[in-house]
>>> print(open('data_7.cif').read())   # mmCIF, C-alpha atoms
data_query
loop_
_atom_site.label_atom_id
_atom_site.label_comp_id
_atom_site.auth_asym_id
_atom_site.auth_seq_id
_atom_site.Cartn_x
_atom_site.Cartn_y
_atom_site.Cartn_z
CA MET A 1 -8.75 -5.41 19.70
CA PRO A 2 -7.65 -6.90 23.03
CA PRO A 3 -4.95 -4.60 24.41
CA ASP A 4 -2.94 -7.17 26.31
CA ASP A 5 -3.25 -10.18 24.04
CA THR A 6 0.30 -10.95 23.01
CA ALA A 7 -0.39 -14.46 21.79
CA GLY A 8 1.49 -15.22 18.62
CA THR A 9 4.00 -12.42 19.16
CA ARG A 10 7.45 -13.65 20.01
CA SER A 11 9.63 -11.67 22.37
CA PRO A 12 13.15 -10.72 21.30
CA GLU A 13 15.59 -13.49 21.96
CA SER A 14 17.51 -13.27 25.22
CA THR A 15 21.27 -13.06 25.54
CA ALA A 16 21.18 -16.69 26.71
CA ASP A 17 19.57 -17.67 23.38
CA PHE A 18 22.20 -15.65 21.56
CA ASP A 19 25.04 -17.36 23.44
CA ALA A 20 23.59 -20.80 22.73
CA GLN A 21 23.20 -20.08 19.02
CA VAL A 22 26.74 -18.72 18.76
CA SER A 23 28.07 -21.91 20.38
CA SER A 24 26.03 -24.12 18.06
CA ILE A 25 27.06 -22.32 14.90
CA ALA A 26 30.69 -22.24 16.05
CA ALA A 27 30.64 -26.05 15.99
CA LEU A 28 30.55 -25.87 12.19
CA ALA A 29 34.02 -24.29 12.15
CA GLU A 30 35.42 -27.85 12.35
CA PRO A 31 35.81 -28.95 8.68
CA VAL A 32 34.74 -32.60 9.06
CA ARG A 33 31.74 -31.62 11.16
CA ARG A 34 30.75 -28.99 8.61
CA ASP A 35 31.00 -31.50 5.72
CA LEU A 36 28.86 -34.02 7.58
CA TYR A 37 26.26 -31.38 8.37
CA ARG A 38 26.10 -30.29 4.73
CA PHE A 39 25.77 -33.89 3.58
CA VAL A 40 22.94 -34.68 6.00
CA VAL A 41 20.88 -31.58 5.18
CA ALA A 42 21.32 -32.15 1.43
CA GLN A 43 19.52 -35.51 1.59
CA SER A 44 15.78 -35.90 1.17
CA GLU A 45 15.62 -38.57 3.90
CA PRO A 46 17.42 -39.05 7.23
CA VAL A 47 20.80 -40.71 6.76
CA SER A 48 22.61 -43.38 8.74
CA ARG A 49 26.11 -43.10 10.11
CA GLU A 50 27.34 -45.43 7.40
CA GLU A 51 25.75 -43.31 4.66
CA ALA A 52 27.19 -40.12 6.13
CA ALA A 53 30.66 -41.65 6.39
CA ALA A 54 30.56 -42.89 2.80
CA GLY A 55 29.14 -39.61 1.54
CA THR A 56 31.89 -37.50 3.09
CA GLY A 57 34.79 -39.94 2.75
CA VAL A 58 35.61 -40.27 6.44
CA ALA A 59 36.01 -43.32 8.65
CA LEU A 60 32.87 -44.64 10.31
CA HIS A 61 34.13 -43.96 13.84
CA VAL A 62 34.92 -40.37 12.84
CA ALA A 63 31.44 -39.91 11.40
CA LYS A 64 29.85 -41.33 14.56
CA PHE A 65 31.78 -38.93 16.78
CA HIS A 66 31.02 -35.78 14.80
CA LEU A 67 27.38 -36.65 14.08
CA ASP A 68 26.71 -37.08 17.76
CA LYS A 69 28.49 -33.79 18.47
CA LEU A 70 26.19 -32.09 15.96
CA VAL A 71 23.20 -33.56 17.78
CA GLY A 72 24.57 -32.28 21.09
CA ASP A 73 25.00 -28.80 19.59
CA GLY A 74 21.37 -28.77 18.46
CA LEU A 75 22.18 -28.76 14.73
CA LEU A 76 20.98 -32.29 13.95
CA GLU A 77 18.23 -34.50 15.31
CA VAL A 78 18.50 -38.25 15.71
CA GLY A 79 15.92 -40.90 14.93
CA HIS A 80 15.90 -44.66 14.36
CA ARG A 81 14.96 -46.96 11.51
CA ARG A 82 15.31 -50.62 10.68
CA PRO A 83 17.18 -51.75 7.60
CA PRO A 84 14.92 -52.21 4.53
CA GLY A 85 13.11 -55.54 4.51
CA ARG A 86 13.78 -56.30 8.16
CA GLY A 87 11.16 -56.16 10.89
CA GLY A 88 9.60 -58.00 13.76
CA PRO A 89 11.39 -60.14 16.37
CA GLY A 90 15.02 -60.84 15.54
CA ALA A 91 15.34 -57.92 13.20
CA GLY A 92 17.91 -56.32 15.45
CA ARG A 93 18.16 -52.89 17.00
CA PRO A 94 17.04 -50.01 14.74
CA ALA A 95 19.94 -47.96 13.38
CA LYS A 96 20.45 -44.30 14.23
CA VAL A 97 19.62 -41.86 11.47
CA TYR A 98 20.23 -38.13 11.34
CA ARG A 99 18.35 -35.16 9.93
CA ARG A 100 18.56 -31.39 10.26
CA ALA A 101 17.16 -30.02 13.53
CA GLN A 102 13.94 -28.05 13.27
CA ARG A 103 15.28 -25.21 15.39
CA GLU A 104 16.24 -22.12 13.41
CA MET A 105 19.54 -20.41 14.16
CA ALA A 106 20.87 -17.03 13.13
CA VAL A 107 23.52 -14.78 14.62
CA SER A 108 24.19 -11.14 13.79
CA LEU A 109 26.66 -8.71 15.28
CA PRO A 110 25.52 -6.25 16.49
CA PRO A 111 22.40 -8.20 17.44
CA ARG A 112 19.39 -7.59 15.18
CA ARG A 113 15.79 -8.72 15.68
CA TYR A 114 14.15 -8.54 12.26
CA GLU A 115 12.08 -11.68 12.88
CA PHE A 116 10.59 -10.02 15.96
CA ALA A 117 9.72 -6.93 13.89
CA GLY A 118 8.14 -9.21 11.30
CA HIS A 119 5.94 -10.86 13.92
CA LEU A 120 4.77 -7.47 15.18
CA MET A 121 3.89 -6.36 11.65
CA ALA A 122 2.16 -9.62 10.77
CA ARG A 123 0.07 -9.43 13.91
CA ALA A 124 -0.84 -5.82 13.12
CA ILE A 125 -1.92 -6.70 9.57
CA ASP A 126 -4.03 -9.62 10.81
CA GLU A 127 -5.75 -7.45 13.42
CA ALA A 128 -6.27 -4.54 11.02
CA GLU A 129 -8.09 -6.85 8.60
CA ARG A 130 -10.07 -8.52 11.36
CA ASP A 131 -11.12 -5.36 13.19
CA GLY A 132 -11.32 -2.95 10.25
CA VAL A 133 -8.83 -0.47 11.70
CA PRO A 134 -5.94 1.29 9.95
CA VAL A 135 -2.74 -0.76 9.83
CA ALA A 136 -0.82 2.06 11.52
CA GLU A 137 -3.18 1.95 14.50
CA ALA A 138 -2.91 -1.82 14.72
CA MET A 139 0.87 -1.55 14.49
CA ARG A 140 0.97 0.83 17.45
CA GLU A 141 -1.15 -1.51 19.54
CA SER A 142 0.92 -4.54 18.52
CA ALA A 143 4.17 -2.86 19.60
CA GLN A 144 2.64 -1.50 22.82
CA ALA A 145 1.30 -4.94 23.73
CA ALA A 146 4.75 -6.46 23.18
CA GLY A 147 6.19 -3.69 25.36
CA ARG A 148 3.71 -4.43 28.13
CA ALA A 149 4.77 -8.07 28.00
CA LEU A 150 8.37 -6.97 28.51
CA GLY A 151 7.15 -4.78 31.37
CA GLY A 152 5.63 -7.84 32.99
CA SER A 153 9.00 -9.58 32.77
CA ALA A 154 10.65 -6.56 34.42
CA LEU A 155 8.12 -6.61 37.26
CA GLU A 156 8.75 -10.29 37.92
CA ARG A 157 12.48 -9.63 37.97
CA ALA A 158 12.13 -6.70 40.38
CA GLY A 159 10.21 -8.75 42.96
CA SER A 160 7.59 -7.53 45.45
CA ARG A 161 7.63 -3.97 46.82
CA PRO A 162 10.63 -2.84 44.74
CA SER A 163 12.12 0.65 44.99
CA ARG A 164 12.17 2.90 41.94
CA SER A 165 15.86 2.16 41.39
CA ALA A 166 15.16 -1.59 41.49
CA LEU A 167 12.38 -1.17 38.92
CA GLN A 168 14.69 0.84 36.68
CA GLU A 169 17.43 -1.76 36.90
CA ALA A 170 14.91 -4.47 36.00
CA VAL A 171 13.78 -2.49 32.95
CA ILE A 172 17.41 -1.97 31.90
CA ASP A 173 18.07 -5.71 32.28
CA VAL A 174 15.08 -6.56 30.08
CA LEU A 175 16.24 -4.10 27.42
CA GLU A 176 19.74 -5.61 27.57
CA GLU A 177 18.29 -9.06 26.98
CA SER A 178 16.27 -7.63 24.09
CA SER A 179 19.50 -6.48 22.36
CA TYR A 180 19.06 -2.72 22.83
CA GLU A 181 22.37 -2.41 24.73
CA PRO A 182 21.05 0.21 27.22
CA ARG A 183 23.52 2.59 28.86
CA ARG A 184 22.76 4.67 31.94
CA GLN A 185 23.53 8.36 31.43
CA GLU A 186 22.74 11.48 33.41
CA GLY A 187 19.03 12.07 33.06
CA GLY A 188 18.07 8.68 31.69
CA VAL A 189 19.01 5.68 29.55
CA VAL A 190 20.13 5.56 25.92
CA MET A 191 20.12 2.47 23.71
CA VAL A 192 23.35 2.20 21.74
CA ASN A 193 22.02 -0.56 19.47
CA CYS A 194 18.87 -0.59 17.34
CA PRO A 195 17.67 -4.17 16.80
CA PHE A 196 15.86 -2.97 13.66
CA HIS A 197 18.82 -1.13 12.11
CA SER A 198 18.26 -1.91 8.41
CA LEU A 199 14.54 -1.34 8.76
CA ALA A 200 15.21 2.04 10.37
CA ARG A 201 17.58 2.97 7.57
CA ASP A 202 15.01 2.32 4.84
CA HIS A 203 11.76 2.96 6.78
CA ARG A 204 12.72 5.36 9.55
CA ASP A 205 9.25 6.46 10.64
CA LEU A 206 7.99 2.89 10.87
CA ALA A 207 10.98 1.57 12.83
CA CYS A 208 11.28 4.54 15.16
CA GLY A 209 7.53 4.54 15.82
CA MET A 210 7.69 0.82 16.58
CA ASN A 211 10.56 1.37 19.02
CA LEU A 212 8.74 4.25 20.70
CA ASP A 213 5.53 2.25 21.10
CA LEU A 214 7.44 -0.81 22.32
CA MET A 215 9.30 1.13 25.01
CA GLY A 216 6.24 3.23 25.82
CA GLY A 217 4.34 0.01 26.51
CA LEU A 218 7.25 -1.27 28.58
CA VAL A 219 7.46 1.73 30.92
CA ALA A 220 3.65 2.04 31.10
CA GLY A 221 3.53 -1.54 32.32
CA VAL A 222 5.95 -0.86 35.18
CA GLU A 223 4.11 1.54 37.49
CA GLY A 224 6.49 3.76 39.45
CA VAL A 225 9.54 3.11 37.26
CA GLY A 226 10.09 6.84 36.74
CA PHE A 227 10.98 6.59 33.03
CA ASP A 228 9.41 8.35 30.07
CA ALA A 229 10.03 7.01 26.54
CA ARG A 230 10.91 9.78 24.08
CA LEU A 231 12.04 10.11 20.49
CA GLU A 232 15.50 11.67 20.41
CA PRO A 233 17.13 10.49 17.17
CA VAL A 234 20.95 10.55 17.17
CA PRO A 235 23.09 8.81 14.53
CA GLY A 236 24.60 5.54 15.69
CA ARG A 237 22.05 4.58 18.33
CA CYS A 238 18.35 3.78 18.83
CA CYS A 239 16.05 6.73 18.21
CA VAL A 240 14.28 6.26 21.56
CA VAL A 241 15.66 7.18 24.99
CA LEU A 242 14.23 6.68 28.46
CA ARG A 243 14.28 9.95 30.38
CA ASP A 244 13.94 10.19 34.15
CA ASP A 245 10.58 11.81 34.88
CA GLN A 246 11.40 12.43 38.55
CA PRO A 247 14.45 14.00 40.23
CA SER A 248 16.78 11.44 41.71
CA ALA A 249 16.26 13.09 45.13
CA GLU A 250 12.75 11.65 45.18
CA GLU A 251 14.13 8.10 45.29
CA PRO A 252 12.92 6.56 48.61
CA ASP A 253 15.51 5.79 51.24
CA ALA A 254 16.60 2.17 51.57
CA GLY A 255 14.50 1.85 54.71
CA GLU A 256 11.30 3.15 53.11
CA PRO A 257 8.82 0.83 51.40
CA GLY A 258 8.87 0.80 47.61
CA VAL A 259 6.05 0.32 45.15
CA ASP A 260 3.79 -2.52 46.21
CA ARG A 261 3.49 -5.04 43.36
CA GLU A 262 1.45 -7.60 45.22
#
>>> encode(input="data_7.cif", output="structure tokens")
Amino acid sequence: MPPDDTAGTRSPESTADFDAQVSSIAALAEPVRRDLYRFVVAQSEPVSREEAAAGTGVALHVAKFHLDKLVGDGLLEVGHRRPPGRGGPGAGRPAKVYRRAQREMAVSLPPRRYEFAGHLMARAIDEAERDGVPVAEAMRESAQAAGRALGGSALERAGSRPSRSALQEAVIDVLEESSYEPRRQEGGVVMVNCPFHSLARDHRDLACGMNLDLMGGLVAGVEGVGFDARLEPVPGRCCVVLRDDQPSAEEPDAGEPGVDRE
């Protein structure tokens, strides 16, 4: 199976995605906007402003305002259609119609990434059937490949010829964006959030192995980062930690060249 083929595997959503989804969902706290959204998504066909206003019992100008706000928040999509029986020259401008946006939104606190875990597992099952390998082996490779992709993102963030400390900070930033909530401690980095919490509760070996392979692939893909991914289960945090594999005294001085990434 190709070791670095991550096609079809989605990365964990970034904090920017999380912020955008929170803002979009928060728009539904407004009662009129929420009623209009519910009315639109309950219909089998896109609805006009007039239909939405009549269906929710609000004035037309109120419906127009809130429907367009829902479009701006990414919750609805807008299209156009002509009134029934009217077409060709002189038929007038097509009316706006609204339907639910195709984008999926979900927010959890603390952040969880069960869809990401599902993509890793689905990819592993597909590859196990295709290549005739055990599912567990395919699962390890799927998680490691996803980790290497995250490592590539860290390398891009660190820039050319980064120092070890710059590489480590880039890895920590990528883990932060992947919802692990990394915290620097003496001797390494701990993750205070497990994005696969419920999965780890019911299927500990699977979830912890997936986390270990994911982070192992990440640090393996960042040559010179000086981290080693290890299983160190502690209640209330991710089972994997990143331990420093070199004494801090070995960090090159600011004036010395770092690891060449070019």
>>> residues_around(input="data_7.cif", residues="Cys239 of chain A", least_positions_apart="5", cutoff="12 Å", atoms="all atoms listed in the file", output="list in words")
Tyr180, Val189, Val190, Met191, Val192, Asn193, Cys194, Pro195, Phe196, His197, Ala200, Arg201, Arg204, Asp205, Leu206, Ala207, Cys208, Gly209, Met210, Asn211, Leu212, Asp213, Met215, Ala229, Arg230, Leu231, Glu232, Pro233 and Val234 of chain A
>>> resolve_selection(input="data_7.cif", expression="the PyMOL selection byres ((chain A and resi 102) around 10)", output="list in words")
Gly74, Leu75, Leu76, Glu77, Arg99, Arg100, Ala101, Arg103, Glu104 and Met105 of chain A
>>> residues_around(input="data_7.cif", residues="Gly55 of chain A", least_positions_apart="5", cutoff="10 Å", atoms="all atoms listed in the file", output="list in words")
Asp35, Leu36, Phe39, Val40, Val47, Arg49 and Glu50 of chain A
>>> write_last_selection(input="data_7.cif", atoms="C-alpha atoms", output="tab-separated table (two decimals), in the coordinates of the input")
chain	number	residue	atom	x	y	z
A	35	ASP	CA	31.00	-31.50	5.72
A	36	LEU	CA	28.86	-34.02	7.58
A	39	PHE	CA	25.77	-33.89	3.58
A	40	VAL	CA	22.94	-34.68	6.00
A	47	VAL	CA	20.80	-40.71	6.76
A	49	ARG	CA	26.11	-43.10	10.11
A	50	GLU	CA	27.34	-45.43	7.40
>>> closest_residue(input="data_7.cif", among="A:Gly226, A:Gly132, A:Lys96, A:Asp245", to="Leu167 of chain A", atoms="only C-alpha atoms")
A:Gly226
>>> resolve_selection(input="data_7.cif", expression="the PyMOL selection byres ((chain A and resi 25) around 9)", output="list in words")
Ala20, Gln21, Val22, Ser23, Ser24, Ala26, Ala27, Leu28, Ala29, Asp73, Leu75, Met105, Ala106 and Val107 of chain A
>>> resolve_selection(input="data_7.cif", expression="the PyMOL selection byres ((chain A and resi 122) around 12)", output="ChimeraX atom specification")
/A:8-10,115-121,123-129,135,138-139,142-143
>>> closest_residue(input="data_7.cif", among="A:Tyr98, A:Glu176, A:Pro110, A:Pro134", to="Ser44 of chain A", atoms="only C-alpha atoms")
A:Tyr98
>>> atom_distance(input="data_7.cif", atom1="atom CA of Glu156 of chain A", atom2="atom CA of Val240 of chain A")
23.9 Å
>>> atom_distance(input="data_7.cif", atom1="atom CA of Cys238 of chain A", atom2="atom CA of Arg148 of chain A")
19.2 Å
>>> atom_distance(input="data_7.cif", atom1="atom CA of Glu51 of chain A", atom2="atom CA of Ala63 of chain A")
9.5 Å
>>> closest_residue(input="data_7.cif", among="A:Glu181, A:Val225, A:Pro31, A:Leu67", to="Arg237 of chain A", atoms="only C-alpha atoms")
A:Glu181
>>> closest_residue(input="data_7.cif", among="A:Gly221, A:Leu150, A:Asp244, A:Arg140", to="Gly188 of chain A", atoms="all atoms listed in the file")
A:Asp244
>>> build_atoms(input="data_7.cif", residues="segment 54-77 of chain A", atoms="N, CA and C atoms", output="PDB file, in the frame of the given file")
ATOM      1  N   ALA A  54      30.256 -42.650   4.217  1.00  0.00           N
ATOM      2  CA  ALA A  54      30.560 -42.890   2.800  1.00  0.00           C
ATOM      3  C   ALA A  54      30.400 -41.617   1.982  1.00  0.00           C
ATOM      4  N   GLY A  55      29.394 -40.812   2.317  1.00  0.00           N
ATOM      5  CA  GLY A  55      29.140 -39.610   1.540  1.00  0.00           C
ATOM      6  C   GLY A  55      30.173 -38.521   1.719  1.00  0.00           C
ATOM      7  N   THR A  56      30.876 -38.534   2.833  1.00  0.00           N
ATOM      8  CA  THR A  56      31.890 -37.500   3.090  1.00  0.00           C
ATOM      9  C   THR A  56      33.307 -38.040   3.042  1.00  0.00           C
ATOM     10  N   GLY A  57      33.456 -39.360   2.886  1.00  0.00           N
ATOM     11  CA  GLY A  57      34.790 -39.940   2.750  1.00  0.00           C
ATOM     12  C   GLY A  57      35.580 -39.992   4.040  1.00  0.00           C
ATOM     13  N   VAL A  58      34.900 -40.153   5.173  1.00  0.00           N
ATOM     14  CA  VAL A  58      35.610 -40.270   6.440  1.00  0.00           C
ATOM     15  C   VAL A  58      35.337 -41.643   7.045  1.00  0.00           C
ATOM     16  N   ALA A  59      36.181 -42.035   7.988  1.00  0.00           N
ATOM     17  CA  ALA A  59      36.010 -43.320   8.650  1.00  0.00           C
ATOM     18  C   ALA A  59      34.710 -43.336   9.447  1.00  0.00           C
ATOM     19  N   LEU A  60      34.147 -44.518   9.626  1.00  0.00           N
ATOM     20  CA  LEU A  60      32.870 -44.640  10.310  1.00  0.00           C
ATOM     21  C   LEU A  60      32.947 -44.106  11.738  1.00  0.00           C
ATOM     22  N   HIS A  61      34.034 -44.426  12.454  1.00  0.00           N
ATOM     23  CA  HIS A  61      34.130 -43.960  13.840  1.00  0.00           C
ATOM     24  C   HIS A  61      34.241 -42.443  13.922  1.00  0.00           C
ATOM     25  N   VAL A  62      34.841 -41.830  12.898  1.00  0.00           N
ATOM     26  CA  VAL A  62      34.920 -40.370  12.840  1.00  0.00           C
ATOM     27  C   VAL A  62      33.539 -39.781  12.593  1.00  0.00           C
ATOM     28  N   ALA A  63      32.794 -40.382  11.677  1.00  0.00           N
ATOM     29  CA  ALA A  63      31.440 -39.910  11.400  1.00  0.00           C
ATOM     30  C   ALA A  63      30.561 -40.019  12.632  1.00  0.00           C
ATOM     31  N   LYS A  64      30.649 -41.152  13.343  1.00  0.00           N
ATOM     32  CA  LYS A  64      29.850 -41.330  14.560  1.00  0.00           C
ATOM     33  C   LYS A  64      30.121 -40.209  15.557  1.00  0.00           C
ATOM     34  N   PHE A  65      31.396 -39.943  15.794  1.00  0.00           N
ATOM     35  CA  PHE A  65      31.780 -38.930  16.780  1.00  0.00           C
ATOM     36  C   PHE A  65      31.215 -37.562  16.419  1.00  0.00           C
ATOM     37  N   HIS A  66      31.421 -37.128  15.185  1.00  0.00           N
ATOM     38  CA  HIS A  66      31.020 -35.780  14.800  1.00  0.00           C
ATOM     39  C   HIS A  66      29.504 -35.653  14.631  1.00  0.00           C
ATOM     40  N   LEU A  67      28.848 -36.704  14.173  1.00  0.00           N
ATOM     41  CA  LEU A  67      27.380 -36.650  14.080  1.00  0.00           C
ATOM     42  C   LEU A  67      26.754 -36.483  15.452  1.00  0.00           C
ATOM     43  N   ASP A  68      27.256 -37.214  16.420  1.00  0.00           N
ATOM     44  CA  ASP A  68      26.710 -37.080  17.760  1.00  0.00           C
ATOM     45  C   ASP A  68      27.035 -35.722  18.375  1.00  0.00           C
ATOM     46  N   LYS A  69      28.172 -35.147  18.023  1.00  0.00           N
ATOM     47  CA  LYS A  69      28.490 -33.790  18.470  1.00  0.00           C
ATOM     48  C   LYS A  69      27.500 -32.788  17.873  1.00  0.00           C
ATOM     49  N   LEU A  70      27.152 -32.967  16.612  1.00  0.00           N
ATOM     50  CA  LEU A  70      26.190 -32.090  15.960  1.00  0.00           C
ATOM     51  C   LEU A  70      24.811 -32.204  16.607  1.00  0.00           C
ATOM     52  N   VAL A  71      24.455 -33.390  17.049  1.00  0.00           N
ATOM     53  CA  VAL A  71      23.200 -33.560  17.780  1.00  0.00           C
ATOM     54  C   VAL A  71      23.282 -32.817  19.110  1.00  0.00           C
ATOM     55  N   GLY A  72      24.400 -32.961  19.826  1.00  0.00           N
ATOM     56  CA  GLY A  72      24.570 -32.280  21.090  1.00  0.00           C
ATOM     57  C   GLY A  72      24.542 -30.763  20.962  1.00  0.00           C
ATOM     58  N   ASP A  73      24.991 -30.252  19.822  1.00  0.00           N
ATOM     59  CA  ASP A  73      25.000 -28.800  19.590  1.00  0.00           C
ATOM     60  C   ASP A  73      23.669 -28.296  19.054  1.00  0.00           C
ATOM     61  N   GLY A  74      22.696 -29.188  18.894  1.00  0.00           N
ATOM     62  CA  GLY A  74      21.370 -28.770  18.460  1.00  0.00           C
ATOM     63  C   GLY A  74      21.238 -28.525  16.969  1.00  0.00           C
ATOM     64  N   LEU A  75      22.221 -28.983  16.177  1.00  0.00           N
ATOM     65  CA  LEU A  75      22.180 -28.760  14.730  1.00  0.00           C
ATOM     66  C   LEU A  75      21.541 -29.924  13.980  1.00  0.00           C
ATOM     67  N   LEU A  76      21.617 -31.117  14.547  1.00  0.00           N
ATOM     68  CA  LEU A  76      20.980 -32.290  13.950  1.00  0.00           C
ATOM     69  C   LEU A  76      20.064 -32.934  14.976  1.00  0.00           C
ATOM     70  N   GLU A  77      19.094 -33.687  14.476  1.00  0.00           N
ATOM     71  CA  GLU A  77      18.230 -34.500  15.310  1.00  0.00           C
ATOM     72  C   GLU A  77      18.447 -35.962  14.959  1.00  0.00           C
TER      73      GLU A  77
END
